[in-house]
>>> print(open('start_37.txt').read())   # compact mmCIF, N, CA and C atoms
# COMPACT_ATOMS: atom_id res chain seq x y z
N MET O 1 -30.77 82.04 -21.68
CA MET O 1 -30.03 83.28 -21.78
C MET O 1 -30.38 84.00 -23.07
N LEU O 2 -30.55 83.26 -24.14
CA LEU O 2 -30.92 83.86 -25.42
C LEU O 2 -32.29 84.49 -25.33
N LEU O 3 -33.22 83.85 -24.63
CA LEU O 3 -34.56 84.38 -24.46
C LEU O 3 -34.51 85.70 -23.71
N VAL O 4 -33.68 85.79 -22.71
CA VAL O 4 -33.56 87.03 -21.94
C VAL O 4 -33.02 88.15 -22.82
N GLN O 5 -32.05 87.86 -23.67
CA GLN O 5 -31.49 88.88 -24.55
C GLN O 5 -32.51 89.34 -25.56
N VAL O 6 -33.31 88.43 -26.12
CA VAL O 6 -34.33 88.81 -27.09
C VAL O 6 -35.38 89.68 -26.43
N LEU O 7 -35.79 89.33 -25.22
CA LEU O 7 -36.81 90.12 -24.53
C LEU O 7 -36.29 91.51 -24.17
N THR O 8 -35.04 91.62 -23.80
CA THR O 8 -34.52 92.93 -23.41
C THR O 8 -34.39 93.86 -24.61
N PHE O 9 -34.15 93.32 -25.78
CA PHE O 9 -34.03 94.18 -26.94
C PHE O 9 -35.39 94.62 -27.48
N SER O 10 -36.47 93.86 -27.25
CA SER O 10 -37.77 94.20 -27.84
C SER O 10 -38.39 95.41 -27.15
N SER O 11 -38.54 95.36 -25.83
CA SER O 11 -39.15 96.50 -25.15
C SER O 11 -38.49 96.63 -23.80
N ILE O 12 -37.57 97.53 -23.69
CA ILE O 12 -36.73 97.64 -22.51
C ILE O 12 -37.52 98.07 -21.28
N HIS O 13 -38.52 98.90 -21.46
CA HIS O 13 -39.24 99.44 -20.30
C HIS O 13 -40.19 98.43 -19.70
N THR O 14 -40.84 97.62 -20.49
CA THR O 14 -41.81 96.67 -19.94
C THR O 14 -41.17 95.36 -19.52
N VAL O 15 -40.07 95.02 -20.11
CA VAL O 15 -39.45 93.72 -19.84
C VAL O 15 -38.29 93.84 -18.85
N ALA O 16 -37.84 95.01 -18.56
CA ALA O 16 -36.68 95.19 -17.68
C ALA O 16 -36.90 94.56 -16.31
N PRO O 17 -38.04 94.74 -15.66
CA PRO O 17 -38.22 94.08 -14.36
C PRO O 17 -38.19 92.55 -14.47
N LEU O 18 -38.71 92.02 -15.59
CA LEU O 18 -38.70 90.57 -15.79
C LEU O 18 -37.27 90.05 -15.94
N THR O 19 -36.45 90.74 -16.70
CA THR O 19 -35.06 90.29 -16.90
C THR O 19 -34.26 90.39 -15.61
N VAL O 20 -34.50 91.43 -14.85
CA VAL O 20 -33.81 91.57 -13.58
C VAL O 20 -34.18 90.41 -12.66
N ALA O 21 -35.47 90.05 -12.64
CA ALA O 21 -35.92 88.94 -11.80
C ALA O 21 -35.33 87.62 -12.26
N LEU O 22 -35.27 87.41 -13.60
CA LEU O 22 -34.69 86.17 -14.13
C LEU O 22 -33.20 86.07 -13.82
N LEU O 23 -32.50 87.17 -14.00
CA LEU O 23 -31.06 87.16 -13.71
C LEU O 23 -30.79 86.98 -12.22
N ALA O 24 -31.63 87.59 -11.38
CA ALA O 24 -31.46 87.44 -9.93
C ALA O 24 -31.73 86.00 -9.51
N ALA O 25 -32.73 85.36 -10.13
CA ALA O 25 -33.03 83.96 -9.80
C ALA O 25 -31.88 83.05 -10.22
N ALA O 26 -31.32 83.30 -11.39
CA ALA O 26 -30.19 82.49 -11.85
C ALA O 26 -28.99 82.68 -10.94
N ALA O 27 -28.73 83.91 -10.55
CA ALA O 27 -27.61 84.19 -9.66
C ALA O 27 -27.86 83.61 -8.27
N LYS O 28 -29.12 83.61 -7.82
CA LYS O 28 -29.44 83.11 -6.50
C LYS O 28 -29.24 81.61 -6.40
N LYS O 29 -29.53 80.87 -7.46
CA LYS O 29 -29.33 79.43 -7.44
C LYS O 29 -27.86 79.08 -7.25
N SER O 30 -26.99 79.71 -7.98
CA SER O 30 -25.56 79.43 -7.83
C SER O 30 -25.04 79.97 -6.51
N SER O 31 -25.60 81.08 -6.07
CA SER O 31 -25.17 81.68 -4.81
C SER O 31 -25.59 80.80 -3.63
N SER O 32 -26.78 80.24 -3.67
CA SER O 32 -27.24 79.42 -2.55
C SER O 32 -26.43 78.13 -2.43
N SER O 33 -26.07 77.53 -3.56
CA SER O 33 -25.25 76.32 -3.48
C SER O 33 -23.85 76.67 -2.99
N PHE O 34 -23.32 77.80 -3.41
CA PHE O 34 -22.01 78.24 -2.93
C PHE O 34 -22.08 78.53 -1.43
N THR O 35 -23.15 79.15 -0.98
CA THR O 35 -23.32 79.46 0.43
C THR O 35 -23.40 78.18 1.26
N LEU O 36 -24.14 77.19 0.76
CA LEU O 36 -24.25 75.93 1.47
C LEU O 36 -22.89 75.23 1.58
N ILE O 37 -22.15 75.22 0.49
CA ILE O 37 -20.81 74.61 0.50
C ILE O 37 -19.90 75.37 1.46
N PHE O 38 -20.00 76.69 1.46
CA PHE O 38 -19.18 77.51 2.35
C PHE O 38 -19.50 77.22 3.82
N ILE O 39 -20.78 77.09 4.16
CA ILE O 39 -21.18 76.82 5.54
C ILE O 39 -20.69 75.44 5.98
N VAL O 40 -20.84 74.44 5.11
CA VAL O 40 -20.35 73.10 5.45
C VAL O 40 -18.84 73.12 5.64
N LEU O 41 -18.14 73.80 4.75
CA LEU O 41 -16.69 73.91 4.86
C LEU O 41 -16.28 74.62 6.14
N LEU O 42 -17.04 75.64 6.52
CA LEU O 42 -16.77 76.38 7.75
C LEU O 42 -16.92 75.48 8.98
N PHE O 43 -17.95 74.64 9.00
CA PHE O 43 -18.13 73.70 10.11
C PHE O 43 -17.02 72.67 10.15
N VAL O 44 -16.59 72.17 9.01
CA VAL O 44 -15.50 71.18 8.96
C VAL O 44 -14.21 71.79 9.49
N VAL O 45 -13.89 72.99 9.06
CA VAL O 45 -12.67 73.66 9.53
C VAL O 45 -12.77 73.96 11.02
N GLY O 46 -13.93 74.41 11.48
CA GLY O 46 -14.12 74.66 12.90
C GLY O 46 -13.95 73.40 13.73
N TYR O 47 -14.46 72.29 13.23
CA TYR O 47 -14.30 71.02 13.94
C TYR O 47 -12.84 70.61 13.99
N MET O 48 -12.15 70.72 12.86
CA MET O 48 -10.76 70.27 12.80
C MET O 48 -9.82 71.13 13.66
N PHE O 49 -10.08 72.43 13.73
CA PHE O 49 -9.15 73.32 14.44
C PHE O 49 -9.59 73.69 15.85
N LEU O 50 -10.86 73.50 16.19
CA LEU O 50 -11.32 73.91 17.52
C LEU O 50 -11.82 72.74 18.37
N ILE O 51 -12.77 72.00 17.86
CA ILE O 51 -13.42 70.96 18.66
C ILE O 51 -12.52 69.75 18.84
N ARG O 52 -11.95 69.25 17.77
CA ARG O 52 -11.13 68.03 17.83
C ARG O 52 -9.91 68.18 18.74
N PRO O 53 -9.11 69.25 18.62
CA PRO O 53 -7.97 69.40 19.53
C PRO O 53 -8.38 69.52 21.00
N GLN O 54 -9.52 70.18 21.25
CA GLN O 54 -9.99 70.32 22.62
C GLN O 54 -10.36 68.95 23.20
N ARG O 55 -11.01 68.12 22.41
CA ARG O 55 -11.36 66.77 22.87
C ARG O 55 -10.10 65.95 23.14
N GLN O 56 -9.11 66.05 22.26
CA GLN O 56 -7.86 65.31 22.46
C GLN O 56 -7.14 65.77 23.72
N ARG O 57 -7.12 67.07 23.97
CA ARG O 57 -6.50 67.61 25.17
C ARG O 57 -7.21 67.09 26.43
N ARG O 58 -8.54 67.07 26.38
CA ARG O 58 -9.31 66.60 27.52
C ARG O 58 -9.06 65.11 27.77
N GLN O 59 -8.95 64.32 26.69
CA GLN O 59 -8.66 62.89 26.83
C GLN O 59 -7.28 62.68 27.45
N ARG O 60 -6.27 63.44 27.00
CA ARG O 60 -4.93 63.32 27.57
C ARG O 60 -4.94 63.71 29.05
N GLN O 61 -5.69 64.77 29.38
CA GLN O 61 -5.76 65.23 30.76
C GLN O 61 -6.39 64.17 31.66
N LEU O 62 -7.45 63.52 31.19
CA LEU O 62 -8.09 62.46 31.97
C LEU O 62 -7.14 61.27 32.14
N GLN O 63 -6.40 60.96 31.08
CA GLN O 63 -5.46 59.85 31.14
C GLN O 63 -4.34 60.15 32.14
N VAL O 64 -3.83 61.37 32.13
CA VAL O 64 -2.77 61.75 33.06
C VAL O 64 -3.28 61.70 34.49
N SER O 65 -4.49 62.19 34.72
CA SER O 65 -5.01 62.21 36.09
C SER O 65 -5.26 60.79 36.61
N ARG O 66 -5.54 59.85 35.73
CA ARG O 66 -5.71 58.45 36.17
C ARG O 66 -4.36 57.78 36.45
N GLN O 67 -3.29 58.22 35.80
CA GLN O 67 -1.98 57.58 35.96
C GLN O 67 -1.19 58.12 37.14
N ILE O 68 -1.60 59.23 37.70
CA ILE O 68 -0.87 59.81 38.83
C ILE O 68 -1.03 58.92 40.06
N GLU O 69 0.08 58.66 40.73
CA GLU O 69 0.08 57.83 41.93
C GLU O 69 0.67 58.60 43.10
N VAL O 70 0.47 58.08 44.29
CA VAL O 70 1.03 58.69 45.49
C VAL O 70 2.55 58.65 45.39
N GLY O 71 3.18 59.79 45.67
CA GLY O 71 4.64 59.90 45.61
C GLY O 71 5.15 60.51 44.32
N ASP O 72 4.30 60.67 43.31
CA ASP O 72 4.73 61.28 42.05
C ASP O 72 4.90 62.79 42.22
N LYS O 73 5.90 63.33 41.55
CA LYS O 73 6.11 64.77 41.52
C LYS O 73 5.29 65.30 40.34
N VAL O 74 4.41 66.28 40.61
CA VAL O 74 3.48 66.75 39.60
C VAL O 74 3.52 68.27 39.47
N LEU O 75 3.05 68.73 38.31
CA LEU O 75 2.90 70.16 38.05
C LEU O 75 1.41 70.45 37.99
N LEU O 76 0.96 71.41 38.78
CA LEU O 76 -0.45 71.80 38.77
C LEU O 76 -0.68 72.82 37.68
N SER O 77 -1.93 73.00 37.28
CA SER O 77 -2.25 73.95 36.23
C SER O 77 -1.93 75.39 36.64
N SER O 78 -1.79 75.64 37.94
CA SER O 78 -1.44 76.98 38.42
C SER O 78 0.06 77.22 38.40
N GLY O 79 0.84 76.17 38.09
CA GLY O 79 2.29 76.31 38.03
C GLY O 79 3.00 75.82 39.28
N ILE O 80 2.26 75.36 40.26
CA ILE O 80 2.84 74.86 41.50
C ILE O 80 3.34 73.43 41.27
N ILE O 81 4.55 73.18 41.74
CA ILE O 81 5.11 71.83 41.66
C ILE O 81 5.11 71.23 43.05
N GLY O 82 4.69 69.98 43.15
CA GLY O 82 4.65 69.32 44.45
C GLY O 82 4.62 67.81 44.29
N ARG O 83 4.58 67.14 45.41
CA ARG O 83 4.56 65.67 45.41
C ARG O 83 3.19 65.22 45.93
N VAL O 84 2.61 64.21 45.27
CA VAL O 84 1.29 63.72 45.65
C VAL O 84 1.39 62.99 46.97
N ASP O 85 0.58 63.44 47.94
CA ASP O 85 0.56 62.86 49.27
C ASP O 85 -0.56 61.84 49.42
N GLY O 86 -1.63 62.01 48.64
CA GLY O 86 -2.75 61.08 48.72
C GLY O 86 -3.93 61.61 47.94
N PHE O 87 -4.99 60.80 47.92
CA PHE O 87 -6.21 61.18 47.21
C PHE O 87 -7.40 61.06 48.14
N VAL O 88 -8.31 62.02 48.04
CA VAL O 88 -9.55 62.01 48.80
C VAL O 88 -10.67 62.24 47.79
N GLY O 89 -11.33 61.16 47.36
CA GLY O 89 -12.39 61.28 46.35
C GLY O 89 -11.80 61.76 45.04
N ASP O 90 -12.32 62.89 44.56
CA ASP O 90 -11.80 63.45 43.31
C ASP O 90 -10.80 64.58 43.57
N HIS O 91 -10.31 64.66 44.80
CA HIS O 91 -9.30 65.65 45.16
C HIS O 91 -7.95 64.97 45.36
N ALA O 92 -6.89 65.72 45.14
CA ALA O 92 -5.54 65.22 45.38
C ALA O 92 -4.89 66.10 46.46
N ARG O 93 -4.17 65.46 47.36
CA ARG O 93 -3.44 66.20 48.39
C ARG O 93 -1.99 66.29 47.90
N ILE O 94 -1.51 67.53 47.74
CA ILE O 94 -0.18 67.79 47.19
C ILE O 94 0.68 68.45 48.25
N GLU O 95 1.88 67.88 48.48
CA GLU O 95 2.83 68.48 49.41
C GLU O 95 3.74 69.40 48.59
N VAL O 96 3.62 70.72 48.83
CA VAL O 96 4.38 71.70 48.05
C VAL O 96 5.67 72.10 48.75
N ALA O 97 5.74 71.90 50.03
CA ALA O 97 6.94 72.14 50.82
C ALA O 97 6.87 71.19 52.01
N PRO O 98 7.99 70.96 52.68
CA PRO O 98 7.93 70.06 53.83
C PRO O 98 6.90 70.53 54.86
N GLY O 99 5.90 69.68 55.08
CA GLY O 99 4.86 70.01 56.06
C GLY O 99 3.72 70.87 55.52
N VAL O 100 3.79 71.31 54.27
CA VAL O 100 2.74 72.15 53.67
C VAL O 100 2.00 71.32 52.63
N ILE O 101 0.76 70.99 52.94
CA ILE O 101 -0.04 70.16 52.04
C ILE O 101 -1.27 70.96 51.60
N ILE O 102 -1.50 70.97 50.30
CA ILE O 102 -2.69 71.63 49.77
C ILE O 102 -3.58 70.57 49.12
N GLU O 103 -4.86 70.84 49.10
CA GLU O 103 -5.80 69.92 48.48
C GLU O 103 -6.37 70.59 47.23
N VAL O 104 -6.23 69.90 46.11
CA VAL O 104 -6.70 70.44 44.83
C VAL O 104 -7.58 69.41 44.13
N VAL O 105 -8.34 69.88 43.17
CA VAL O 105 -9.13 68.98 42.34
C VAL O 105 -8.18 68.19 41.46
N ARG O 106 -8.48 66.93 41.25
CA ARG O 106 -7.58 66.08 40.45
C ARG O 106 -7.34 66.64 39.06
N GLY O 107 -8.31 67.34 38.50
CA GLY O 107 -8.17 67.93 37.17
C GLY O 107 -7.14 69.04 37.12
N ALA O 108 -6.75 69.57 38.29
CA ALA O 108 -5.74 70.64 38.33
C ALA O 108 -4.33 70.10 38.12
N VAL O 109 -4.16 68.80 38.20
CA VAL O 109 -2.85 68.21 37.98
C VAL O 109 -2.61 68.17 36.47
N SER O 110 -1.67 68.98 35.99
CA SER O 110 -1.41 69.08 34.55
C SER O 110 -0.62 67.89 34.04
N ARG O 111 0.48 67.59 34.72
CA ARG O 111 1.32 66.50 34.23
C ARG O 111 2.27 66.07 35.34
N ARG O 112 2.88 64.93 35.10
CA ARG O 112 3.90 64.41 36.00
C ARG O 112 5.22 65.06 35.63
N VAL O 113 5.99 65.47 36.63
CA VAL O 113 7.29 66.09 36.40
C VAL O 113 8.36 65.04 36.67
N ASP O 114 9.23 64.82 35.69
CA ASP O 114 10.31 63.86 35.87
C ASP O 114 11.41 64.48 36.70
N GLU O 115 12.02 63.66 37.52
CA GLU O 115 13.14 64.13 38.33
C GLU O 115 14.34 64.38 37.43
N ALA O 116 15.07 65.45 37.68
CA ALA O 116 16.28 65.74 36.90
C ALA O 116 17.38 64.75 37.31
N VAL O 117 18.23 64.43 36.36
CA VAL O 117 19.29 63.44 36.60
C VAL O 117 20.29 63.95 37.63
N ASP O 118 20.65 65.24 37.56
CA ASP O 118 21.67 65.77 38.47
C ASP O 118 21.05 66.40 39.71
N GLY O 119 19.85 66.04 40.06
CA GLY O 119 19.24 66.56 41.27
C GLY O 119 18.53 67.88 41.05
N GLY O 120 18.37 68.30 39.83
CA GLY O 120 17.64 69.52 39.55
C GLY O 120 18.45 70.79 39.66
N HIS O 121 19.76 70.70 39.86
CA HIS O 121 20.58 71.89 40.00
C HIS O 121 21.27 72.18 38.68
N ASP O 122 21.09 73.39 38.19
CA ASP O 122 21.75 73.83 36.97
C ASP O 122 22.84 74.81 37.37
N PRO O 123 24.12 74.43 37.26
CA PRO O 123 25.19 75.30 37.75
C PRO O 123 25.30 76.61 36.98
N GLY O 124 24.71 76.71 35.82
CA GLY O 124 24.82 77.94 35.04
C GLY O 124 23.87 79.04 35.49
N TYR O 125 22.89 78.70 36.29
CA TYR O 125 21.89 79.69 36.69
C TYR O 125 21.69 79.65 38.20
N GLY O 126 21.19 80.72 38.71
CA GLY O 126 20.87 80.77 40.13
C GLY O 126 21.87 81.61 40.90
N GLN O 127 21.97 81.33 42.19
CA GLN O 127 22.85 82.12 43.04
C GLN O 127 24.30 81.88 42.69
N GLY O 128 25.10 82.91 42.75
CA GLY O 128 26.52 82.80 42.47
C GLY O 128 26.84 82.82 40.99
N SER O 129 25.87 83.14 40.15
CA SER O 129 26.08 83.16 38.73
C SER O 129 25.88 84.58 38.21
N ASP O 130 26.60 84.93 37.16
CA ASP O 130 26.43 86.24 36.56
C ASP O 130 25.21 86.31 35.66
N ARG O 131 24.72 85.16 35.26
CA ARG O 131 23.56 85.13 34.36
C ARG O 131 22.28 85.29 35.18
N PRO O 132 21.27 85.97 34.62
CA PRO O 132 20.03 86.22 35.37
C PRO O 132 19.17 84.94 35.43
N LEU O 133 18.31 84.92 36.43
CA LEU O 133 17.33 83.83 36.54
C LEU O 133 16.28 84.01 35.47
N ARG O 134 15.80 82.93 34.93
CA ARG O 134 14.75 83.01 33.91
C ARG O 134 13.42 82.81 34.52
>>> encode(input="start_37.txt", output="structure tokens")
Amino acid sequence: MLLVQVLTFSSIHTVAPLTVALLAAAAKKSSSSFTLIFIVLLFVVGYMFLIRPQRQRRQRQLQVSRQIEVGDKVLLSSGIIGRVDGFVGDHARIEVAPGVIIEVVRGAVSRRVDEAVDGGHDPGYGQGSDRPLR
């Protein structure tokens, strides 16, 4: 740094391009290491917030689809609730209403739905209530 200052004071017109190049090189070294650290940090954050949760979700989904058995009440990814009637290869047959059976890919089964203790009826909502349906 002292050499650069001495050169700039001696002849500003002839040495100015040299000092600019030296200062740019010094700045570029620190900038490139900062850029490398930033890129690595960006990949780590991307992995932690995007890739890792997606893998965990996929693992849970595979685990749920393996645990589903005939007779279980399930929720499909489309929001349809039904009871598993059987399996055909990688498809599941779901009874959504008495006598109405649909065939879906096993991956469409989001989760098992637990039966409500009181039969699924909530006296505060529905027909005969002043409160609106949600």
>>> closest_residue(input="start_37.txt", among="O:Asp114, O:Gln59, O:Ile102, O:Val84", to="Gly71 in chain O", atoms="only N, CA and C atoms")
O:Val84
>>> residues_around(input="start_37.txt", residues="Val70 in chain O", least_positions_apart="6", cutoff="8 Å", atoms="all atoms listed in the file", output="CSV table (one decimal) with N, CA and C atoms, in the coordinates of the input")
chain,number,residue,atom,x,y,z
O,83,ARG,N,4.6,67.1,45.4
O,83,ARG,CA,4.6,65.7,45.4
O,83,ARG,C,3.2,65.2,45.9
O,84,VAL,N,2.6,64.2,45.3
O,84,VAL,CA,1.3,63.7,45.6
O,84,VAL,C,1.4,63.0,47.0
O,85,ASP,N,0.6,63.4,47.9
O,85,ASP,CA,0.6,62.9,49.3
O,85,ASP,C,-0.6,61.8,49.4
O,86,GLY,N,-1.6,62.0,48.6
O,86,GLY,CA,-2.8,61.1,48.7
O,86,GLY,C,-3.9,61.6,47.9
O,87,PHE,N,-5.0,60.8,47.9
O,87,PHE,CA,-6.2,61.2,47.2
O,87,PHE,C,-7.4,61.1,48.1
>>> atom_distance(input="start_37.txt", atom1="CA of Val113 in chain O", atom2="atom C of Asp72 in chain O")
7.1 Å
>>> atom_distance(input="start_37.txt", atom1="atom N of Val74 in chain O", atom2="atom N of Val96 in chain O")
9.4 Å
>>> atom_distance(input="start_37.txt", atom1="CA of Gln61 in chain O", atom2="CA of Ser77 in chain O")
10.9 Å
